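Structure data (mmCIF, C-alpha atoms and all ligand atoms) from protein_1.cif:
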```
data_run
loop_
_atom_site.label_atom_id
_atom_site.label_comp_id
_atom_site.auth_asym_id
_atom_site.auth_seq_id
_atom_site.Cartn_x
_atom_site.Cartn_y
_atom_site.Cartn_z
CA MET A 1 -153.90 -92.85 -78.15
CA ALA A 2 -156.82 -90.49 -78.65
CA TYR A 3 -156.41 -87.04 -77.07
CA ARG A 4 -158.43 -86.61 -73.89
CA PRO A 5 -158.62 -82.96 -72.78
CA ASP A 6 -158.15 -82.02 -69.16
CA PRO A 7 -161.54 -82.38 -67.43
CA ALA A 8 -160.60 -79.34 -65.27
CA ARG A 9 -160.13 -77.09 -68.31
CA TYR A 10 -163.03 -74.76 -67.53
CA GLN A 11 -162.23 -74.24 -63.86
CA ALA A 12 -159.61 -71.51 -63.94
CA MET A 13 -159.96 -69.64 -67.25
CA PRO A 14 -162.17 -66.54 -67.02
CA TYR A 15 -164.52 -65.94 -69.98
CA GLN A 16 -165.80 -62.49 -70.86
CA ARG A 17 -168.81 -61.50 -72.91
CA CYS A 18 -167.71 -60.17 -76.30
CA GLY A 19 -169.16 -56.65 -76.49
CA ARG A 20 -172.93 -56.77 -76.14
CA SER A 21 -173.18 -60.21 -77.81
CA GLY A 22 -174.05 -63.52 -76.22
CA LEU A 23 -170.66 -65.02 -77.02
CA LYS A 24 -168.14 -65.41 -74.21
CA LEU A 25 -164.45 -65.54 -75.05
CA PRO A 26 -161.46 -66.67 -72.98
CA ARG A 27 -159.32 -63.80 -71.66
CA ILE A 28 -156.34 -65.37 -73.47
CA ALA A 29 -156.68 -66.59 -77.07
CA LEU A 30 -154.04 -68.31 -79.20
CA GLY A 31 -153.05 -67.01 -82.64
CA LEU A 32 -151.47 -69.19 -85.34
CA TRP A 33 -149.78 -66.48 -87.40
CA GLN A 34 -146.28 -67.79 -86.62
CA ASN A 35 -144.96 -71.25 -85.71
CA PHE A 36 -147.81 -73.23 -87.30
CA GLY A 37 -146.67 -72.95 -90.92
CA GLY A 38 -145.62 -75.59 -93.39
CA SER A 39 -141.97 -75.31 -92.41
CA ASP A 40 -142.62 -75.50 -88.65
CA LEU A 41 -142.60 -78.67 -86.61
CA PHE A 42 -146.13 -80.09 -86.71
CA GLU A 43 -145.83 -81.85 -83.36
CA ASN A 44 -144.83 -78.60 -81.63
CA GLY A 45 -147.89 -76.78 -82.99
CA ARG A 46 -150.08 -79.73 -82.07
CA ALA A 47 -148.71 -79.79 -78.51
CA MET A 48 -149.35 -76.04 -78.15
CA ALA A 49 -152.95 -76.32 -79.38
CA ARG A 50 -153.66 -79.23 -77.05
CA ARG A 51 -152.11 -77.52 -74.03
CA ALA A 52 -154.02 -74.33 -74.83
CA PHE A 53 -157.32 -76.21 -74.90
CA ASP A 54 -156.41 -78.04 -71.68
CA LEU A 55 -155.94 -74.62 -70.06
CA GLY A 56 -159.37 -73.38 -71.17
CA ILE A 57 -158.28 -71.50 -74.29
CA THR A 58 -161.26 -72.15 -76.53
CA HIS A 59 -160.45 -69.51 -79.12
CA PHE A 60 -157.97 -70.09 -81.97
CA ASP A 61 -157.24 -67.27 -84.40
CA LEU A 62 -156.20 -67.82 -88.02
CA ALA A 63 -156.14 -66.00 -91.35
CA ASN A 64 -155.99 -67.10 -94.96
CA ASN A 65 -152.32 -66.14 -95.37
CA TYR A 66 -150.81 -67.35 -92.09
CA GLY A 67 -147.87 -69.66 -92.68
CA PRO A 68 -145.50 -69.51 -94.47
CA PRO A 69 -146.41 -70.53 -97.07
CA TYR A 70 -149.79 -68.79 -97.23
CA GLY A 71 -152.59 -71.11 -96.16
CA SER A 72 -150.34 -73.55 -94.35
CA ALA A 73 -151.33 -72.50 -90.80
CA GLU A 74 -154.94 -73.32 -91.68
CA GLU A 75 -153.81 -76.66 -93.09
CA THR A 76 -151.89 -77.36 -89.88
CA PHE A 77 -154.91 -76.44 -87.80
CA GLY A 78 -157.05 -78.72 -89.99
CA ARG A 79 -154.68 -81.59 -89.14
CA ILE A 80 -154.82 -80.75 -85.43
CA LEU A 81 -158.62 -80.78 -85.61
CA GLU A 82 -158.60 -84.08 -87.42
CA LYS A 83 -156.22 -85.72 -84.94
CA ASP A 84 -157.33 -84.14 -81.66
CA LEU A 85 -159.85 -81.35 -81.49
CA ALA A 86 -162.65 -82.21 -83.95
CA PRO A 87 -164.73 -84.03 -81.28
CA PHE A 88 -164.75 -80.73 -79.38
CA ARG A 89 -165.80 -78.50 -82.29
CA ASP A 90 -168.74 -77.08 -80.34
CA GLU A 91 -166.37 -76.07 -77.53
CA LEU A 92 -164.20 -74.06 -79.92
CA VAL A 93 -164.32 -70.58 -81.39
CA ILE A 94 -162.30 -70.63 -84.61
CA SER A 95 -161.67 -67.45 -86.54
CA SER A 96 -160.21 -66.64 -89.93
CA LYS A 97 -159.73 -63.51 -92.01
CA ALA A 98 -159.14 -62.12 -95.47
CA GLY A 99 -157.99 -58.69 -96.54
CA TYR A 100 -154.26 -58.95 -97.28
CA ASP A 101 -152.39 -60.42 -100.21
CA MET A 102 -153.37 -64.07 -100.72
CA TRP A 103 -153.29 -65.17 -104.37
CA PRO A 104 -152.16 -63.53 -107.63
CA GLY A 105 -154.37 -61.34 -109.76
CA PRO A 106 -157.01 -58.75 -108.95
CA TYR A 107 -159.25 -61.05 -106.84
CA GLY A 108 -156.78 -62.24 -104.18
CA ASP A 109 -156.39 -59.13 -102.01
CA ARG A 110 -158.26 -56.24 -100.32
CA GLY A 111 -162.03 -56.08 -99.75
CA SER A 112 -164.21 -57.13 -102.70
CA ARG A 113 -167.09 -59.54 -102.27
CA LYS A 114 -165.41 -61.71 -104.91
CA TYR A 115 -162.24 -62.04 -102.79
CA LEU A 116 -163.82 -62.44 -99.35
CA VAL A 117 -166.27 -65.18 -100.28
CA ALA A 118 -163.75 -67.17 -102.35
CA SER A 119 -161.09 -66.82 -99.67
CA LEU A 120 -163.34 -68.07 -96.90
CA ASP A 121 -164.35 -71.06 -99.03
CA GLN A 122 -160.66 -71.89 -99.41
CA SER A 123 -160.05 -71.44 -95.66
CA LEU A 124 -162.91 -73.79 -94.79
CA LYS A 125 -161.49 -76.39 -97.14
CA ARG A 126 -157.99 -76.13 -95.68
CA MET A 127 -159.31 -76.53 -92.13
CA GLY A 128 -161.88 -79.18 -93.04
CA LEU A 129 -164.65 -77.10 -91.48
CA GLY A 130 -168.25 -76.39 -92.44
CA TYR A 131 -168.15 -72.92 -90.89
CA VAL A 132 -165.91 -70.61 -88.88
CA ASP A 133 -167.17 -68.94 -85.75
CA ILE A 134 -165.78 -65.52 -86.60
CA PHE A 135 -164.79 -64.17 -90.01
CA TYR A 136 -162.92 -60.86 -90.19
CA HIS A 137 -162.19 -58.32 -92.84
CA HIS A 138 -158.45 -58.11 -92.10
CA ARG A 139 -157.85 -54.44 -92.92
CA PRO A 140 -159.77 -51.49 -94.37
CA ASP A 141 -159.71 -51.24 -98.16
CA PRO A 142 -160.10 -47.64 -99.36
CA GLU A 143 -160.62 -48.85 -102.96
CA THR A 144 -163.75 -50.94 -102.32
CA PRO A 145 -167.03 -49.33 -101.23
CA LEU A 146 -167.59 -50.14 -97.56
CA GLU A 147 -171.14 -51.18 -98.51
CA GLU A 148 -169.73 -53.96 -100.70
CA THR A 149 -167.35 -55.29 -98.04
CA MET A 150 -169.97 -55.21 -95.28
CA GLY A 151 -172.54 -56.72 -97.67
CA ALA A 152 -170.10 -59.58 -98.26
CA LEU A 153 -169.72 -60.14 -94.50
CA ASP A 154 -173.51 -60.19 -94.12
CA PHE A 155 -173.79 -62.69 -96.99
CA ILE A 156 -171.08 -64.86 -95.42
CA VAL A 157 -173.14 -65.16 -92.23
CA ARG A 158 -176.46 -65.67 -94.03
CA SER A 159 -174.96 -68.39 -96.22
CA GLY A 160 -173.79 -70.31 -93.13
CA ARG A 161 -170.06 -69.87 -93.70
CA ALA A 162 -169.57 -67.94 -90.43
CA LEU A 163 -171.55 -67.37 -87.25
CA TYR A 164 -170.23 -63.87 -86.53
CA VAL A 165 -168.18 -61.20 -88.29
CA GLY A 166 -165.45 -58.84 -87.18
CA LEU A 167 -163.18 -56.04 -88.35
CA SER A 168 -159.42 -55.84 -87.95
CA ASN A 169 -157.14 -52.80 -88.10
CA TYR A 170 -160.04 -50.42 -88.84
CA PRO A 171 -159.58 -46.90 -87.37
CA PRO A 172 -162.41 -45.46 -85.22
CA GLU A 173 -164.23 -43.55 -87.97
CA ALA A 174 -164.31 -46.48 -90.42
CA THR A 175 -165.31 -48.78 -87.55
CA ARG A 176 -168.34 -46.62 -86.78
CA ALA A 177 -169.37 -46.53 -90.45
CA ALA A 178 -168.91 -50.28 -90.91
CA ALA A 179 -170.77 -51.07 -87.68
CA ALA A 180 -173.74 -48.94 -88.80
CA LEU A 181 -173.90 -50.73 -92.17
CA LEU A 182 -173.69 -54.16 -90.53
CA ARG A 183 -176.37 -53.25 -88.01
CA ASP A 184 -178.70 -52.14 -90.83
CA LEU A 185 -178.06 -55.41 -92.64
CA GLY A 186 -178.99 -57.36 -89.49
CA THR A 187 -175.53 -58.84 -88.94
CA PRO A 188 -174.04 -56.86 -86.05
CA CYS A 189 -170.27 -56.54 -85.80
CA LEU A 190 -169.19 -58.89 -83.01
CA ILE A 191 -165.57 -57.95 -82.53
CA HIS A 192 -162.67 -55.75 -83.54
CA GLN A 193 -159.06 -56.99 -83.69
CA PRO A 194 -156.49 -54.19 -83.31
CA SER A 195 -152.85 -54.27 -82.20
CA TYR A 196 -152.29 -53.08 -78.62
CA SER A 197 -149.44 -53.29 -76.14
CA LEU A 198 -147.29 -51.24 -73.80
CA PHE A 199 -145.29 -50.25 -76.91
CA ASN A 200 -148.24 -49.55 -79.21
CA ARG A 201 -151.13 -47.59 -77.73
CA TRP A 202 -153.02 -46.25 -80.76
CA VAL A 203 -156.32 -47.83 -79.65
CA GLU A 204 -156.40 -45.52 -76.61
CA ASP A 205 -156.93 -42.62 -79.00
CA GLY A 206 -160.61 -43.21 -79.76
CA LEU A 207 -160.95 -46.83 -80.85
CA LEU A 208 -161.64 -48.34 -77.40
CA ASP A 209 -164.28 -45.66 -76.72
CA THR A 210 -165.88 -46.35 -80.09
CA LEU A 211 -166.04 -50.09 -79.43
CA ASP A 212 -167.51 -49.53 -75.99
CA LEU A 213 -170.21 -47.23 -77.42
CA GLU A 214 -171.03 -49.60 -80.28
CA GLY A 215 -171.10 -52.67 -78.03
CA ILE A 216 -168.37 -54.35 -80.07
CA GLY A 217 -165.88 -56.66 -78.33
CA CYS A 218 -162.13 -56.21 -78.67
CA ILE A 219 -159.38 -58.81 -78.99
CA VAL A 220 -155.94 -57.23 -79.04
CA PHE A 221 -153.14 -58.78 -81.09
CA SER A 222 -149.38 -58.74 -80.43
CA PRO A 223 -149.85 -57.81 -76.74
CA LEU A 224 -146.19 -58.83 -76.19
CA TYR A 225 -145.05 -56.70 -79.13
CA GLN A 226 -143.99 -59.94 -80.84
CA GLY A 227 -141.74 -60.91 -77.92
CA LEU A 228 -140.07 -57.60 -77.10
CA LEU A 229 -142.27 -57.31 -74.01
CA THR A 230 -140.83 -60.50 -72.51
CA ASP A 231 -137.54 -61.28 -70.81
CA LYS A 232 -136.31 -62.87 -74.06
CA TYR A 233 -134.22 -59.98 -75.41
CA LEU A 234 -133.03 -58.38 -72.17
CA ARG A 235 -129.56 -59.90 -72.51
CA GLY A 236 -129.14 -60.03 -76.29
CA VAL A 237 -130.92 -61.68 -79.21
CA PRO A 238 -131.17 -65.48 -78.81
CA GLN A 239 -130.89 -67.36 -82.09
CA ASP A 240 -134.02 -69.27 -81.28
CA SER A 241 -136.30 -66.23 -81.14
CA ARG A 242 -138.51 -64.43 -83.63
CA ALA A 243 -135.91 -61.65 -83.97
CA GLY A 244 -133.09 -64.22 -84.20
CA ARG A 245 -134.89 -66.18 -86.90
CA ASN A 246 -136.21 -62.93 -88.41
CA GLN A 247 -139.31 -64.79 -89.52
CA GLY A 248 -140.67 -63.07 -92.59
CA GLY A 249 -139.01 -59.87 -91.43
CA THR A 250 -142.02 -59.35 -89.16
CA LEU A 251 -140.00 -57.49 -86.54
CA LYS A 252 -138.47 -55.14 -89.10
CA GLY A 253 -138.65 -51.56 -87.87
CA LYS A 254 -139.96 -52.69 -84.46
CA PHE A 255 -136.81 -54.01 -82.82
CA SER A 256 -134.44 -51.43 -81.36
CA GLU A 257 -131.97 -51.16 -78.51
CA ALA A 258 -134.08 -48.28 -77.12
CA LYS A 259 -137.12 -50.61 -76.89
CA VAL A 260 -135.02 -53.31 -75.20
CA GLU A 261 -133.84 -50.72 -72.64
CA LEU A 262 -137.47 -49.80 -71.90
CA ALA A 263 -138.26 -53.51 -71.55
CA ARG A 264 -135.42 -53.85 -69.01
CA ARG A 265 -136.94 -51.07 -66.91
CA LEU A 266 -140.47 -52.50 -67.23
CA ASP A 267 -139.07 -55.88 -66.20
CA VAL A 268 -138.03 -54.37 -62.86
CA VAL A 269 -141.63 -53.26 -62.20
CA ALA A 270 -142.91 -56.69 -63.20
CA ARG A 271 -140.50 -58.57 -60.95
CA ARG A 272 -141.37 -56.31 -58.04
CA ARG A 273 -144.97 -57.55 -58.44
CA GLY A 274 -143.85 -61.16 -58.69
CA GLN A 275 -144.63 -61.39 -62.42
CA LYS A 276 -142.58 -61.95 -65.54
CA LEU A 277 -142.53 -58.99 -67.93
CA SER A 278 -144.62 -60.97 -70.44
CA GLN A 279 -147.24 -61.53 -67.75
CA MET A 280 -147.36 -57.90 -66.69
CA ALA A 281 -147.74 -56.90 -70.35
CA LEU A 282 -150.89 -59.09 -70.50
CA THR A 283 -152.26 -57.83 -67.15
CA TRP A 284 -151.74 -54.32 -68.52
CA VAL A 285 -153.73 -54.74 -71.79
CA LEU A 286 -156.47 -56.67 -70.01
CA ARG A 287 -156.95 -53.84 -67.48
CA GLN A 288 -158.98 -51.97 -70.12
CA PRO A 289 -162.69 -52.75 -69.61
CA ALA A 290 -163.25 -52.64 -73.40
CA VAL A 291 -160.67 -55.39 -74.02
CA THR A 292 -162.32 -58.80 -74.15
CA SER A 293 -159.22 -60.94 -74.82
CA ALA A 294 -155.48 -60.76 -75.35
CA LEU A 295 -154.46 -62.66 -78.50
CA ILE A 296 -151.01 -64.13 -77.97
CA GLY A 297 -148.60 -66.02 -80.16
CA ALA A 298 -146.32 -68.76 -78.90
CA SER A 299 -143.39 -70.84 -80.07
CA ARG A 300 -143.52 -73.35 -77.19
CA VAL A 301 -145.95 -74.74 -74.66
CA SER A 302 -144.35 -72.97 -71.67
CA GLN A 303 -145.20 -69.55 -73.16
CA ILE A 304 -148.90 -70.43 -73.21
CA GLU A 305 -148.65 -71.59 -69.61
CA ASP A 306 -146.96 -68.30 -68.64
CA ALA A 307 -149.73 -66.31 -70.31
CA VAL A 308 -152.57 -68.18 -68.65
CA ALA A 309 -150.83 -67.92 -65.26
CA ALA A 310 -150.86 -64.13 -65.68
CA LEU A 311 -154.65 -64.19 -65.32
CA ALA A 312 -154.34 -65.09 -61.64
CA ALA A 313 -152.27 -61.97 -60.84
CA ALA A 314 -153.51 -59.04 -58.79
CA PRO A 315 -154.59 -55.99 -60.81
CA LEU A 316 -151.96 -53.29 -61.31
CA THR A 317 -151.97 -50.75 -58.49
CA GLY A 318 -152.10 -47.00 -59.10
CA GLU A 319 -148.47 -46.82 -58.09
CA GLU A 320 -147.43 -49.54 -60.53
CA LEU A 321 -149.40 -47.92 -63.35
CA ALA A 322 -147.69 -44.62 -62.60
CA ALA A 323 -144.25 -46.29 -62.62
CA ILE A 324 -145.06 -47.79 -66.03
CA GLU A 325 -146.19 -44.41 -67.38
CA THR A 326 -142.96 -42.81 -66.17
CA ILE A 327 -140.89 -45.42 -68.00
CA LEU A 328 -142.91 -45.13 -71.22
CA ALA A 329 -142.87 -41.32 -71.13
P1 LIG B 401 -147.27 -61.69 -79.25
O1 LIG B 401 -147.03 -60.24 -79.09
O2 LIG B 401 -147.97 -62.42 -78.15
O3 LIG B 401 -145.85 -62.36 -79.57
C1 LIG B 401 -145.71 -63.75 -79.49
C2 LIG B 401 -144.23 -64.15 -79.47
O4 LIG B 401 -143.58 -63.66 -78.31
C3 LIG B 401 -144.09 -65.66 -79.39
O5 LIG B 401 -144.23 -66.27 -80.65
C4 LIG B 401 -142.71 -65.80 -78.80
O6 LIG B 401 -141.73 -65.56 -79.80
C5 LIG B 401 -142.67 -64.65 -77.80
N1 LIG B 401 -143.15 -65.04 -76.47
C6 LIG B 401 -144.43 -65.33 -76.10
N2 LIG B 401 -144.50 -65.63 -74.79
C7 LIG B 401 -143.25 -65.56 -74.31
C8 LIG B 401 -142.68 -65.76 -73.03
N3 LIG B 401 -143.43 -66.11 -71.97
N4 LIG B 401 -141.36 -65.59 -72.88
C9 LIG B 401 -140.58 -65.22 -73.92
N5 LIG B 401 -141.07 -65.01 -75.19
C10 LIG B 401 -142.39 -65.18 -75.37
O7 LIG B 401 -148.20 -61.97 -80.48
P2 LIG B 401 -147.98 -62.20 -82.08
O8 LIG B 401 -147.30 -61.04 -82.67
O9 LIG B 401 -147.44 -63.57 -82.29
O10 LIG B 401 -149.49 -62.17 -82.56
C11 LIG B 401 -150.46 -63.01 -81.92
C12 LIG B 401 -151.58 -63.30 -82.86
O11 LIG B 401 -152.27 -62.11 -83.20
C13 LIG B 401 -151.19 -63.90 -84.20
O12 LIG B 401 -150.92 -65.27 -84.12
C14 LIG B 401 -152.42 -63.61 -85.01
O13 LIG B 401 -153.42 -64.55 -84.71
C15 LIG B 401 -152.82 -62.23 -84.51
N6 LIG B 401 -152.32 -61.14 -85.36
C16 LIG B 401 -153.25 -60.43 -86.07
C17 LIG B 401 -152.88 -59.42 -86.92
C18 LIG B 401 -153.92 -58.65 -87.66
O14 LIG B 401 -153.60 -57.85 -88.53
N7 LIG B 401 -155.18 -58.84 -87.35
C19 LIG B 401 -151.44 -59.07 -87.13
C20 LIG B 401 -150.54 -59.85 -86.30
C21 LIG B 401 -150.98 -60.83 -85.45
P3 LIG B 401 -140.41 -66.46 -80.00
O15 LIG B 401 -140.60 -67.12 -81.31
O16 LIG B 401 -139.32 -65.46 -80.02
O17 LIG B 401 -140.31 -67.43 -78.86
#
```
Would you mind writing the file's structure down as structure tokens?
Amino acid sequence: MAYRPDPARYQAMPYQRCGRSGLKLPRIALGLWQNFGGSDLFENGRAMARRAFDLGITHFDLANNYGPPYGSAEETFGRILEKDLAPFRDELVISSKAGYDMWPGPYGDRGSRKYLVASLDQSLKRMGLGYVDIFYHHRPDPETPLEETMGALDFIVRSGRALYVGLSNYPPEATRAAAALLRDLGTPCLIHQPSYSLFNRWVEDGLLDTLDLEGIGCIVFSPLYQGLLTDKYLRGVPQDSRAGRNQGGTLKGKFSEAKVELARRLDVVARRRGQKLSQMALTWVLRQPAVTSALIGASRVSQIEDAVAALAAAPLTGEELAAIETILA
């Protein structure tokens, strides 16, 4: 039977203007980095995408090399579009990126015009799309002139391959320089995608102020620190978890007993407010006025439901924020 989205899907989700643009984004977005690859269960990914859309999540975040194998998350998303979401294309904001290792040889990595344009063409093909809504340069490339990379982003918009462009993992100084180039080219930078969570606060050291000044929106990735800021690891490492599966070694160097102990103490603060730790971690990143959206990952439908439910919570009080600071100090 054809998928029919929940008619109430726009009633509860708050949407926030992305920087000084006209585009509004849901406060929670869903990323397909993990659990949508070629070796993952298609029906689970499909169920998560459908539930997300039913809950008002209009924004789905991809990249050329999400999988594994590389490219397979975009293929999965293409199948989900074909089966369920394509009739709602104009209700969706779909993003992709290039900037990390994708194919062999000198043209499948970093920031050249050659790489970015070819990679986006491949992404569009895998997803069966005519354009993406947002295309990002995935990380700064010190070897390519910034003028070339930003020129490629401008070309990508002018050629109709993307509606907006963004930067990911750029530090404040490079962000300012890139934003100035893009502005001069007439393709303003819409959005920045940095990591940010209770365990990773680098954006507080200048980036958020820069984005606010430049009028650039901000979508923060790994707000749950890949699962460590949930109740998942408080009593050991379940086999059926990212750390238990050790997917692509992505948690290497991040997982430690000291972090789990901090999570246990943060969990007490969360439960005192009637939230799960994962939900308080989202309330906490979203408290920053410069943060447009929290970009979560999920391995099952219930995690998406938990995240969206966090949006109904009361803001953190001064006392709760102080308790959190004491734990993190
Ligand atoms: P999160 O920090 O949100 O971690 C998500 C993981 O946490 C889930 O897959 C799940 O892992 C666990 N989890 C989520 N909710 C719960 C819950 N309620 N209870 C218990 N466990 C939970 O984000 P990700 O690290 O997955 O990144 C999110 C997205 O950000 C990516 O998909 C991608 O789009 C983007 N990203 C961008 C990067 C960039 O360089 N621009 C880099 C990395 C990510 P489990 O499997 O253990 O259940």
Q | For atom CA of Ile324 of chain A and atom CA of Ala294 of chain A, the interatomic separation in Å (one decimal) | A |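 Pair atom CA of Ile324 of chain A / atom CA of Ala294 of chain A returns 19.1 Å.
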Q: Please write out the residues within 6 Å of ligand LIG 401 (chain B) as a PyMOL selection string, counting all atoms listed in the file.
A: chain A and resi 31-34+61-62+138+168+193+221-227+230-232+241-242+278+295-299+303+306
Q: Identify the residues within 7 Å of coordinate (-169.3, -65.2, -84.4) (same frame as the file), considering only C-alpha atoms, and give the answer as a ChimeraX atom specification.
A: /A:133-134,162-165,190
Q.
Report, in Å to a single decimal, how far apart atom CA of Leu85 of chain A and atom CA of Arg139 of chain A are.
A.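 A separation of 29.3 Å between them.
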Q | Using all atoms listed in the file: which of A:Arg161, A:Arg46, A:Arg287, A:His59 has the shortest distance to Glu91 of chain A | A | A:His59
**Q.** Close residues, Arg183 of chain A itself excluded, 12 Å, only C-alpha atoms, min 3 positions apart in chain, as a ChimeraX atom specification
**A.** /A:147,150-151,153-154,165,175-180,186-190,214-216
Q. Which one of A:Gly166, A:Gly160, A:Pro172, A:Gly37 sits closest to Ile219 of chain A if you count all atoms listed in the file?
A.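 Distance minimum relative to Ile219 of chain A lands on A:Gly166.
When all atoms listed in the file are used to compute distances to Tyr66 of chain A, the closest of the residues A:Gln16, A:Thr283, A:Asn246, A:Ser123 turns out to be A:Ser123.
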(Q) Please list as a list of chain:residue names every residue within 10 Å of Gly99 of chain A, counting all atoms listed in the file and excluding residues in the same chain fewer than 5 positions away. (A) A:Ala63, A:Asn64, A:Asn65, A:Gly108, A:Asp109, A:Arg110, A:Gly111, A:Ser112, A:Tyr115, A:Leu116, A:Ser119, A:Tyr136, A:His137, A:His138, A:Arg139, A:Pro140, A:Asp141, A:Ser168
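As for atom CA of Leu167 of chain A and atom CA of Ile191 of chain A, they are spaced 6.6 Å apart.
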Env of Trp284 of chain A: 10 Å cut, atoms = only C-alpha atoms, seq-sep filter 4 positions within chain, self excluded. Answer as an mmCIF file with C-alpha atoms, in the frame of the given file.
```
data_model
loop_
_atom_site.group_PDB
_atom_site.id
_atom_site.type_symbol
_atom_site.label_atom_id
_atom_site.label_comp_id
_atom_site.auth_asym_id
_atom_site.auth_seq_id
_atom_site.Cartn_x
_atom_site.Cartn_y
_atom_site.Cartn_z
ATOM 1 C CA SER A 197 -149.440 -53.290 -76.140
ATOM 2 C CA LEU A 198 -147.290 -51.240 -73.800
ATOM 3 C CA PRO A 223 -149.850 -57.810 -76.740
ATOM 4 C CA SER A 278 -144.620 -60.970 -70.440
ATOM 5 C CA GLN A 279 -147.240 -61.530 -67.750
ATOM 6 C CA MET A 280 -147.360 -57.900 -66.690
ATOM 7 C CA GLN A 288 -158.980 -51.970 -70.120
ATOM 8 C CA PRO A 315 -154.590 -55.990 -60.810
ATOM 9 C CA LEU A 316 -151.960 -53.290 -61.310
ATOM 10 C CA LEU A 321 -149.400 -47.920 -63.350
ATOM 11 C CA ILE A 324 -145.060 -47.790 -66.030
#
```
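Checking A:Ala290, A:Ala86, A:Leu207, A:Val308 one by one against Arg20 of chain A, counting only C-alpha atoms, you find the shortest gap at A:Ala290.
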Q.
So that I can check the surroundings of Val117 of chain A, please list as a list in words every protein, DNA and RNA residue that reaches within 8 Å of it, counting all atoms listed in the file and ignoring chain neighbours fewer than 3 positions away.
A.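 The contact residues come out as Arg113, Lys114, Leu120, Asp121, Ala152 and Ile156 of chain A.
For Ser302 of chain A, the residues within 12 Å (counting all atoms listed in the file, excluding itself and residues fewer than 6 positions away along the chain) are Asn44, Ala47, Met48, Arg51, Ala52, Leu55, Val308 and Ala309 of chain A.
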For C-alpha atoms, I'd like the residues from the last selection saved as an mmCIF file, in the frame of the given file.
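again20.cif was written with the following content:
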```cif
data_model
loop_
_atom_site.group_PDB
_atom_site.id
_atom_site.type_symbol
_atom_site.label_atom_id
_atom_site.label_comp_id
_atom_site.auth_asym_id
_atom_site.auth_seq_id
_atom_site.Cartn_x
_atom_site.Cartn_y
_atom_site.Cartn_z
ATOM 1 C CA ASN A 44 -144.830 -78.600 -81.630
ATOM 2 C CA ALA A 47 -148.710 -79.790 -78.510
ATOM 3 C CA MET A 48 -149.350 -76.040 -78.150
ATOM 4 C CA ARG A 51 -152.110 -77.520 -74.030
ATOM 5 C CA ALA A 52 -154.020 -74.330 -74.830
ATOM 6 C CA LEU A 55 -155.940 -74.620 -70.060
ATOM 7 C CA VAL A 308 -152.570 -68.180 -68.650
ATOM 8 C CA ALA A 309 -150.830 -67.920 -65.260
#
```
Q. Nearest to Pro26 of chain A: which of A:Gln11, A:Gln122, A:Ser159, A:Asn169 is it, counting all atoms listed in the file?
A. A:Gln11
